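Enquirer: This is input.txt (compact mmCIF, C-alpha atoms).
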# COMPACT_ATOMS: atom_id res chain seq x y z
CA ASP A 1 96.32 59.73 82.15
CA ALA A 2 94.80 61.55 79.22
CA GLY A 3 95.67 65.19 78.96
CA VAL A 4 93.31 68.00 78.14
CA ILE A 5 91.22 67.06 75.13
CA GLN A 6 89.96 69.62 72.64
CA SER A 7 87.77 69.20 69.61
CA PRO A 8 87.81 69.86 66.80
CA ARG A 9 91.52 70.32 66.09
CA HIS A 10 90.78 72.37 63.02
CA GLU A 11 87.67 74.28 62.06
CA VAL A 12 87.04 76.22 58.88
CA THR A 13 83.79 78.12 58.65
CA GLU A 14 82.22 80.99 56.80
CA MET A 15 81.57 84.37 58.30
CA GLY A 16 78.26 84.50 60.12
CA GLN A 17 78.20 80.84 61.07
CA GLU A 18 78.09 79.54 64.62
CA VAL A 19 81.21 77.83 65.92
CA THR A 20 81.42 75.63 69.01
CA LEU A 21 84.74 74.56 70.49
CA ARG A 22 84.84 71.80 73.08
CA CYS A 23 87.15 70.94 75.93
CA LYS A 24 87.50 68.07 78.37
CA PRO A 25 89.85 68.93 81.26
CA ILE A 26 92.14 66.50 83.03
CA SER A 27 90.15 64.37 85.43
CA GLY A 28 90.26 65.81 88.92
CA HIS A 29 91.20 69.30 87.81
CA ASN A 30 88.72 71.89 88.96
CA SER A 31 89.92 75.03 87.18
CA LEU A 32 89.49 75.50 83.44
CA PHE A 33 90.83 78.26 81.22
CA TRP A 34 90.17 79.34 77.63
CA TYR A 35 93.00 81.22 75.89
CA ARG A 36 93.30 82.60 72.39
CA GLN A 37 96.54 82.94 70.42
CA THR A 38 96.95 85.32 67.49
CA MET A 39 99.96 86.89 65.83
CA MET A 40 98.77 90.37 66.71
CA ARG A 41 97.78 89.86 70.34
CA GLY A 42 99.75 86.81 71.40
CA LEU A 43 98.29 84.55 74.08
CA GLU A 44 95.43 86.05 76.02
CA LEU A 45 92.90 84.72 78.48
CA LEU A 46 89.28 84.74 77.41
CA ILE A 47 87.58 83.26 80.47
CA TYR A 48 88.21 80.88 83.33
CA PHE A 49 86.15 78.74 85.66
CA ASN A 50 86.75 77.45 89.17
CA ASN A 51 84.53 74.51 90.13
CA ASN A 52 82.41 75.13 87.02
CA VAL A 53 81.71 78.74 88.02
CA PRO A 54 82.94 81.55 85.73
CA ILE A 55 85.40 83.69 87.68
CA ASP A 56 86.81 86.12 85.13
CA ASP A 57 85.32 86.69 81.69
CA SER A 58 86.88 90.10 81.13
CA GLY A 59 88.85 88.74 78.19
CA MET A 60 85.81 87.71 76.20
CA PRO A 61 85.90 90.06 73.21
CA GLU A 62 82.22 90.79 72.87
CA ASP A 63 78.76 89.36 73.15
CA ARG A 64 79.35 87.09 70.20
CA PHE A 65 81.48 84.93 72.50
CA SER A 66 80.02 82.75 75.22
CA ALA A 67 81.40 79.94 77.35
CA LYS A 68 79.79 77.32 79.53
CA MET A 69 80.92 74.63 81.88
CA PRO A 70 77.89 72.47 82.67
CA ASN A 71 79.93 69.94 84.64
CA ALA A 72 83.44 69.25 85.82
CA SER A 73 84.41 67.31 82.72
CA PHE A 74 83.19 69.49 79.87
CA SER A 75 83.29 73.06 78.63
CA THR A 76 82.30 74.82 75.44
CA LEU A 77 83.29 78.10 73.83
CA LYS A 78 80.79 79.37 71.31
CA ILE A 79 81.12 82.14 68.75
CA GLN A 80 77.92 83.35 67.13
CA PRO A 81 78.10 84.86 64.58
CA SER A 82 81.73 84.26 63.65
CA GLU A 83 83.86 86.89 61.90
CA PRO A 84 87.20 86.66 60.06
CA ARG A 85 88.95 88.44 62.94
CA ASP A 86 88.06 85.50 65.18
CA SER A 87 90.54 83.35 63.26
CA ALA A 88 93.06 82.14 65.84
CA VAL A 89 94.20 79.13 67.82
CA TYR A 90 92.00 78.56 70.85
CA PHE A 91 93.53 76.71 73.77
CA CYS A 92 91.84 75.13 76.72
CA ALA A 93 93.89 74.50 79.88
CA SER A 94 93.10 72.95 83.23
CA SER A 95 94.67 72.95 86.66
CA LEU A 96 94.03 72.12 90.26
CA ARG A 97 92.68 74.95 92.40
CA THR A 98 95.21 74.13 95.07
CA GLY A 99 98.85 73.17 95.08
CA SER A 100 101.17 74.08 92.28
CA TYR A 101 98.62 75.86 90.06
CA GLU A 102 100.34 74.47 87.00
CA GLN A 103 98.13 74.76 83.95
CA TYR A 104 98.11 71.95 81.42
CA PHE A 105 97.13 72.87 77.91
CA GLY A 106 95.19 71.00 75.29
CA PRO A 107 96.43 70.77 71.69
CA GLY A 108 94.37 73.78 70.64
CA THR A 109 91.75 74.33 67.97
CA ARG A 110 92.83 76.25 64.90
CA LEU A 111 89.83 78.28 63.75
CA THR A 112 89.70 79.86 60.33
CA VAL A 113 86.75 82.09 59.47
CA THR A 114 86.51 83.00 55.78
CA ALA B 1 97.61 94.88 86.02
CA GLN B 2 100.57 92.64 85.45
CA THR B 3 102.82 92.82 82.40
CA VAL B 4 105.43 90.39 81.12
CA THR B 5 108.18 91.47 78.74
CA GLN B 6 110.38 89.27 76.61
CA SER B 7 112.81 91.51 74.78
CA GLN B 8 114.42 88.87 72.55
CA PRO B 9 112.10 87.99 69.65
CA GLU B 10 114.56 85.44 68.26
CA MET B 11 117.65 83.62 69.42
CA SER B 12 119.92 80.97 68.02
CA VAL B 13 122.23 78.51 69.74
CA GLN B 14 124.40 75.66 68.59
CA GLU B 15 123.71 72.16 69.73
CA ALA B 16 125.32 71.34 73.10
CA GLU B 17 125.80 75.02 73.94
CA THR B 18 124.06 77.03 76.64
CA VAL B 19 121.53 79.79 76.01
CA THR B 20 119.68 82.20 78.28
CA LEU B 21 116.28 83.67 77.51
CA SER B 22 115.28 86.87 79.27
CA CYS B 23 112.02 87.82 80.91
CA THR B 24 111.02 90.75 83.06
CA TYR B 25 107.67 91.42 84.67
CA ASP B 26 105.90 94.17 86.47
CA THR B 27 103.55 93.63 89.38
CA SER B 28 102.60 95.08 92.72
CA GLU B 29 101.73 91.64 94.04
CA ASN B 30 103.89 89.89 96.59
CA ASN B 31 102.45 86.44 96.13
CA TYR B 32 102.81 85.08 92.61
CA TYR B 33 104.16 82.32 90.41
CA LEU B 34 106.29 82.44 87.29
CA PHE B 35 106.42 79.89 84.50
CA TRP B 36 108.21 79.12 81.29
CA TYR B 37 106.24 77.33 78.59
CA LYS B 38 107.60 75.85 75.37
CA GLN B 39 105.60 75.79 72.13
CA PRO B 40 107.19 73.64 69.40
CA PRO B 41 105.93 73.70 65.81
CA SER B 42 103.22 71.23 66.82
CA ARG B 43 101.77 74.27 68.74
CA GLN B 44 101.30 72.23 71.93
CA MET B 45 102.00 74.37 75.02
CA ILE B 46 104.37 72.47 77.30
CA LEU B 47 105.27 73.55 80.82
CA VAL B 48 109.04 73.73 81.20
CA ILE B 49 109.59 75.08 84.70
CA ARG B 50 107.84 76.85 87.57
CA GLN B 51 109.03 79.27 90.26
CA GLU B 52 107.19 80.38 93.37
CA ALA B 53 107.94 83.98 94.27
CA TYR B 54 108.29 83.19 97.97
CA LYS B 55 111.12 80.74 97.28
CA GLN B 56 114.60 82.18 97.07
CA GLN B 57 116.08 79.05 95.54
CA ASN B 58 116.08 79.01 91.77
CA ALA B 59 114.06 76.21 90.19
CA THR B 60 115.81 73.53 88.15
CA GLU B 61 114.44 70.82 85.88
CA ASN B 62 117.16 68.72 84.29
CA ARG B 63 118.83 70.93 81.63
CA PHE B 64 116.52 73.86 82.39
CA SER B 65 117.10 76.32 85.20
CA VAL B 66 115.98 79.81 86.05
CA ASN B 67 117.62 82.88 87.48
CA PHE B 68 114.91 84.51 89.58
CA GLN B 69 115.74 88.01 90.77
CA LYS B 70 112.68 89.17 92.69
CA ALA B 71 113.87 92.70 93.44
CA ALA B 72 114.74 93.26 89.80
CA LYS B 73 111.57 91.46 88.66
CA SER B 74 113.59 89.30 86.36
CA PHE B 75 113.05 85.64 85.51
CA SER B 76 115.46 84.27 82.91
CA LEU B 77 115.59 80.71 81.58
CA LYS B 78 118.87 78.92 81.01
CA ILE B 79 118.99 75.91 78.74
CA SER B 80 122.15 73.85 79.08
CA ASP B 81 123.43 71.32 76.56
CA SER B 82 120.93 72.53 73.96
CA GLN B 83 119.32 69.87 71.80
CA LEU B 84 117.63 70.09 68.42
CA GLY B 85 114.36 69.24 70.13
CA ASP B 86 114.60 72.46 72.13
CA THR B 87 113.78 74.43 68.98
CA ALA B 88 110.52 76.19 69.82
CA MET B 89 108.83 79.38 70.96
CA TYR B 90 109.37 80.00 74.65
CA PHE B 91 106.85 81.98 76.64
CA CYS B 92 107.36 83.49 80.06
CA ALA B 93 104.16 83.70 82.11
CA PHE B 94 102.99 85.28 85.36
CA MET B 95 100.25 84.11 87.68
CA LYS B 96 99.00 86.09 90.61
CA GLY B 97 98.72 84.03 93.76
CA GLY B 98 95.14 83.94 94.88
CA ASN B 99 93.49 83.10 98.13
CA THR B 100 94.18 79.62 99.37
CA GLY B 101 92.74 77.18 96.88
CA THR B 102 92.04 79.68 94.13
CA ALA B 103 93.61 79.28 90.72
CA SER B 104 94.19 82.32 88.55
CA LYS B 105 94.97 83.23 84.97
CA LEU B 106 98.32 83.31 83.21
CA THR B 107 99.65 86.52 81.69
CA PHE B 108 102.08 85.73 78.90
CA GLY B 109 104.99 87.53 77.32
CA THR B 110 105.27 87.82 73.55
CA GLY B 111 107.65 84.89 73.30
CA THR B 112 111.19 84.18 72.13
CA ARG B 113 111.75 81.97 69.11
CA LEU B 114 114.73 79.71 69.80
CA GLN B 115 116.50 77.90 66.99
CA VAL B 116 119.00 75.19 67.88
CA THR B 117 121.45 74.54 65.06
CA LEU B 118 123.98 71.81 64.32
In structure tokens, what does this structure look like?
Expert:
Amino acid sequence: DAGVIQSPRHEVTEMGQEVTLRCKPISGHNSLFWYRQTMMRGLELLIYFNNNVPIDDSGMPEDRFSAKMPNASFSTLKIQPSEPRDSAVYFCASSLRTGSYEQYFGPGTRLTVT
Amino acid sequence: AQTVTQSQPEMSVQEAETVTLSCTYDTSENNYYLFWYKQPPSRQMILVIRQEAYKQQNATENRFSVNFQKAAKSFSLKISDSQLGDTAMYFCAFMKGGNTGTASKLTFGTGTRLQVTL
């Protein structure tokens, strides 16, 4: 089975530009999580969905960040406009709502905003 | 709110030896799960081991085992017969147990960088 798929793997953009990160969860998983990893703040949750419905978006830094999950197999995280402090690795993870709750992570997207 | 503390920023162990990574957490919840994730230089987050708080028996996965002390809120990871491929960042993580069928977020510690040497 394919794991969690994220694209792009690397993104370099200029300040002020729009950035869209994409995630395809493991088939059959119905919970999806977006995390951000930085040296200063470590790994932190941005938002998560259960059955495509946003449950907790308290980690979204500000209105420049938005996330959608239009169906069970696709999610996007958008930053508009981007700023240098958004530079980080963004991980998507998925899990089953029931059972072991183990979260499986994608390879991450390394975002650099210049 | 839950917090997870890893007090060892870096550790080193020789190949074939045993090493223990520490983790403590703070929560008022009674139903929760604890995890150890490994992040090698490739940056992929890999689940190493999981422990349910309601289980008294310590979890074991091959060379990896935990020492779960619920009263002390401690959750250490023991790696036996260390291998060069174990070199990585190790993160301890906490998940609150939700209502039946409800997944929840992970709260991570700051990580311990483990170096396995020859």
Enquirer: Residues of chain A near chain B: apply a cut-off of 10 Å, count only C-alpha atoms, and supply the list as an MDAnalysis selection string.
Expert: chainID A and resid 30:35 39:51 55:56 89 91 93:108 110
Enquirer: What does the distance from atom CA of A:Asp57 to atom CA of B:Tyr90 come to in Å, to one decimal?
Expert: 25.9 Å
Enquirer: What is the atom CA of B:Glu61 to atom CA of B:Tyr37 distance in Å?
Expert: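 Separation between atom CA of B:Glu61 and atom CA of B:Tyr37: 12.8 Å.
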Enquirer: Enclose stretch 57-63 of chain B, meaning all of its atoms listed in the file, in a box aligned along x, y and z, pad it by 5 Å on each side, and list the centre and edge lengths in Å to one decimal, as lines of an AutoDock Vina configuration file.
Expert:
center_x = 116.4
center_y = 73.9
center_z = 88.6
size_x = 14.8
size_y = 20.3
size_z = 23.9
Enquirer: Residues within 9 Å of B:Ala88, please, as an MDAnalysis selection string. Count all atoms listed in the file; anything in the same chain fewer than 3 positions from it doesn't count.
Expert: chainID B and resid 38:41 85 112:116
Enquirer: Of the candidates B:Met89, B:Met11, B:Leu77, B:Val4, which shows the shortest atom-to-atom distance to B:Thr117, using all atoms listed in the file?
Expert: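 Among the listed residues, the smallest separation from B:Thr117 belongs to B:Met11.
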Enquirer: Just how far from atom CA of A:Gln80 is atom CA of A:Arg64, in Å to one decimal?
Expert: 5.0 Å
Enquirer: Quick one: everything within 7 Å of stretch 13-22 of chain B, counting all atoms listed in the file, minus sequence neighbours fewer than 6 positions away in the same chain. Send it as a compact mmCIF listing (two decimals) with C-alpha atoms, in the coordinates of the input.
Expert:
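Below is the file that was written, around34.txt:
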# COMPACT_ATOMS: atom_id res chain seq x y z
CA GLN B 6 110.38 89.27 76.61
CA SER B 7 112.81 91.51 74.78
CA PHE B 75 113.05 85.64 85.51
CA SER B 76 115.46 84.27 82.91
CA LEU B 77 115.59 80.71 81.58
CA LYS B 78 118.87 78.92 81.01
CA ILE B 79 118.99 75.91 78.74
CA SER B 80 122.15 73.85 79.08
CA ASP B 81 123.43 71.32 76.56
CA SER B 82 120.93 72.53 73.96
CA GLN B 83 119.32 69.87 71.80
CA LEU B 84 117.63 70.09 68.42
CA GLN B 115 116.50 77.90 66.99
CA VAL B 116 119.00 75.19 67.88
CA THR B 117 121.45 74.54 65.06
CA LEU B 118 123.98 71.81 64.32
Enquirer: Identify, on the basis of all atoms listed in the file, every residue whose closest approach to A:Val19 does not exceed 10 Å; exclude the query and any residue fewer than 5 positions from it along the same chain; express the result as a compact mmCIF listing (two decimals) with C-alpha atoms, keeping the file's coordinate frame.
Expert:
# COMPACT_ATOMS: atom_id res chain seq x y z
CA GLU A 11 87.67 74.28 62.06
CA VAL A 12 87.04 76.22 58.88
CA THR A 13 83.79 78.12 58.65
CA GLU A 14 82.22 80.99 56.80
CA PHE A 65 81.48 84.93 72.50
CA LEU A 77 83.29 78.10 73.83
CA LYS A 78 80.79 79.37 71.31
CA ILE A 79 81.12 82.14 68.75
CA GLN A 80 77.92 83.35 67.13
CA PRO A 81 78.10 84.86 64.58
CA SER A 82 81.73 84.26 63.65
CA LEU A 111 89.83 78.28 63.75
CA VAL A 113 86.75 82.09 59.47
Enquirer: Check the smallest atom-to-atom distance from each of A:Thr38, A:Ser58, A:Asn52, A:Ser87 to A:Ala72 using all atoms listed in the file, then report the winner.
Expert: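 The shortest atom-to-atom distance to A:Ala72 comes from A:Asn52.
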Enquirer: Rebuild stretch 30-41 of chain B so that it carries all heavy atoms, then output the result as a CSV table (one decimal), in the coordinates of the input.
Expert:
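Result file is result38.csv:
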chain,number,residue,atom,x,y,z
B,30,ASN,N,102.8,90.5,95.9
B,30,ASN,CA,103.9,89.9,96.6
B,30,ASN,C,103.8,88.4,96.5
B,30,ASN,O,104.9,87.7,96.6
B,30,ASN,CB,103.9,90.3,98.1
B,30,ASN,CG,105.2,90.0,98.8
B,30,ASN,OD1,106.3,90.3,98.2
B,30,ASN,ND2,105.1,89.4,99.9
B,31,ASN,N,102.6,87.9,96.2
B,31,ASN,CA,102.4,86.4,96.1
B,31,ASN,C,102.1,86.1,94.7
B,31,ASN,O,101.1,86.5,94.2
B,31,ASN,CB,101.3,86.0,97.1
B,31,ASN,CG,101.0,84.5,96.9
B,31,ASN,OD1,101.9,83.7,96.6
B,31,ASN,ND2,99.8,84.2,97.2
B,32,TYR,N,103.0,85.4,94.0
B,32,TYR,CA,102.8,85.1,92.6
B,32,TYR,C,103.7,83.9,92.2
B,32,TYR,O,104.5,83.5,92.9
B,32,TYR,CB,103.0,86.3,91.7
B,32,TYR,CG,104.4,87.0,91.8
B,32,TYR,CD1,105.5,86.5,91.1
B,32,TYR,CD2,104.6,88.0,92.7
B,32,TYR,CE1,106.7,87.1,91.2
B,32,TYR,CE2,105.8,88.6,92.9
B,32,TYR,CZ,106.9,88.2,92.1
B,32,TYR,OH,108.1,88.8,92.2
B,33,TYR,N,103.4,83.4,91.0
B,33,TYR,CA,104.2,82.3,90.4
B,33,TYR,C,104.6,82.7,89.0
B,33,TYR,O,103.9,83.5,88.3
B,33,TYR,CB,103.3,81.1,90.3
B,33,TYR,CG,102.7,80.6,91.6
B,33,TYR,CD1,101.6,81.2,92.1
B,33,TYR,CD2,103.3,79.6,92.3
B,33,TYR,CE1,101.0,80.8,93.4
B,33,TYR,CE2,102.8,79.2,93.6
B,33,TYR,CZ,101.6,79.8,94.1
B,33,TYR,OH,101.1,79.4,95.3
B,34,LEU,N,105.8,82.2,88.6
B,34,LEU,CA,106.3,82.4,87.3
B,34,LEU,C,106.5,81.1,86.6
B,34,LEU,O,106.9,80.1,87.2
B,34,LEU,CB,107.6,83.2,87.4
B,34,LEU,CG,107.5,84.6,88.0
B,34,LEU,CD1,108.8,85.2,88.4
B,34,LEU,CD2,106.8,85.6,87.0
B,35,PHE,N,106.3,81.1,85.3
B,35,PHE,CA,106.4,79.9,84.5
B,35,PHE,C,107.1,80.2,83.2
B,35,PHE,O,107.1,81.3,82.7
B,35,PHE,CB,105.0,79.3,84.2
B,35,PHE,CG,104.1,79.1,85.3
B,35,PHE,CD1,103.4,80.1,85.9
B,35,PHE,CD2,104.0,77.8,85.9
B,35,PHE,CE1,102.5,79.9,86.9
B,35,PHE,CE2,103.2,77.6,87.0
B,35,PHE,CZ,102.4,78.6,87.5
B,36,TRP,N,107.8,79.1,82.7
B,36,TRP,CA,108.2,79.1,81.3
B,36,TRP,C,107.5,78.0,80.6
B,36,TRP,O,107.5,76.8,81.1
B,36,TRP,CB,109.7,78.9,81.2
B,36,TRP,CG,110.5,80.1,81.4
B,36,TRP,CD1,111.1,80.5,82.6
B,36,TRP,CD2,110.8,81.1,80.4
B,36,TRP,NE1,111.8,81.7,82.4
B,36,TRP,CE2,111.6,82.1,81.1
B,36,TRP,CE3,110.5,81.3,79.1
B,36,TRP,CZ2,112.1,83.3,80.4
B,36,TRP,CZ3,111.0,82.4,78.4
B,36,TRP,CH2,111.8,83.4,79.1
B,37,TYR,N,106.9,78.3,79.4
B,37,TYR,CA,106.2,77.3,78.6
B,37,TYR,C,107.0,77.3,77.3
B,37,TYR,O,107.5,78.3,76.8
B,37,TYR,CB,104.8,77.7,78.3
B,37,TYR,CG,103.8,77.3,79.4
B,37,TYR,CD1,103.6,78.2,80.5
B,37,TYR,CD2,103.1,76.1,79.4
B,37,TYR,CE1,102.7,77.8,81.5
B,37,TYR,CE2,102.2,75.8,80.4
B,37,TYR,CZ,102.0,76.6,81.5
B,37,TYR,OH,101.2,76.3,82.5
B,38,LYS,N,107.0,76.1,76.7
B,38,LYS,CA,107.6,75.8,75.4
B,38,LYS,C,106.5,75.5,74.4
B,38,LYS,O,105.6,74.7,74.7
B,38,LYS,CB,108.6,74.7,75.5
B,38,LYS,CG,109.1,74.1,74.2
B,38,LYS,CD,109.9,72.8,74.6
B,38,LYS,CE,110.4,72.1,73.3
B,38,LYS,NZ,111.2,70.9,73.6
B,39,GLN,N,106.6,76.1,73.2
B,39,GLN,CA,105.6,75.8,72.1
B,39,GLN,C,106.4,75.4,70.9
B,39,GLN,O,106.8,76.2,70.1
B,39,GLN,CB,104.7,77.0,71.9
B,39,GLN,CG,103.5,76.6,70.9
B,39,GLN,CD,102.6,77.8,70.7
B,39,GLN,OE1,103.0,78.9,70.5
B,39,GLN,NE2,101.3,77.4,70.6
B,40,PRO,N,106.5,74.1,70.6
B,40,PRO,CA,107.2,73.6,69.4
B,40,PRO,C,106.3,73.8,68.2
B,40,PRO,O,105.1,74.3,68.4
B,40,PRO,CB,107.5,72.2,69.7
B,40,PRO,CG,106.4,71.8,70.7
B,40,PRO,CD,106.2,73.0,71.5
B,41,PRO,N,106.8,73.5,67.0
B,41,PRO,CA,105.9,73.7,65.8
B,41,PRO,C,104.6,73.0,65.9
B,41,PRO,O,103.7,73.3,65.2
B,41,PRO,CB,106.8,73.2,64.7
B,41,PRO,CG,108.2,73.4,65.2
B,41,PRO,CD,108.1,73.2,66.7
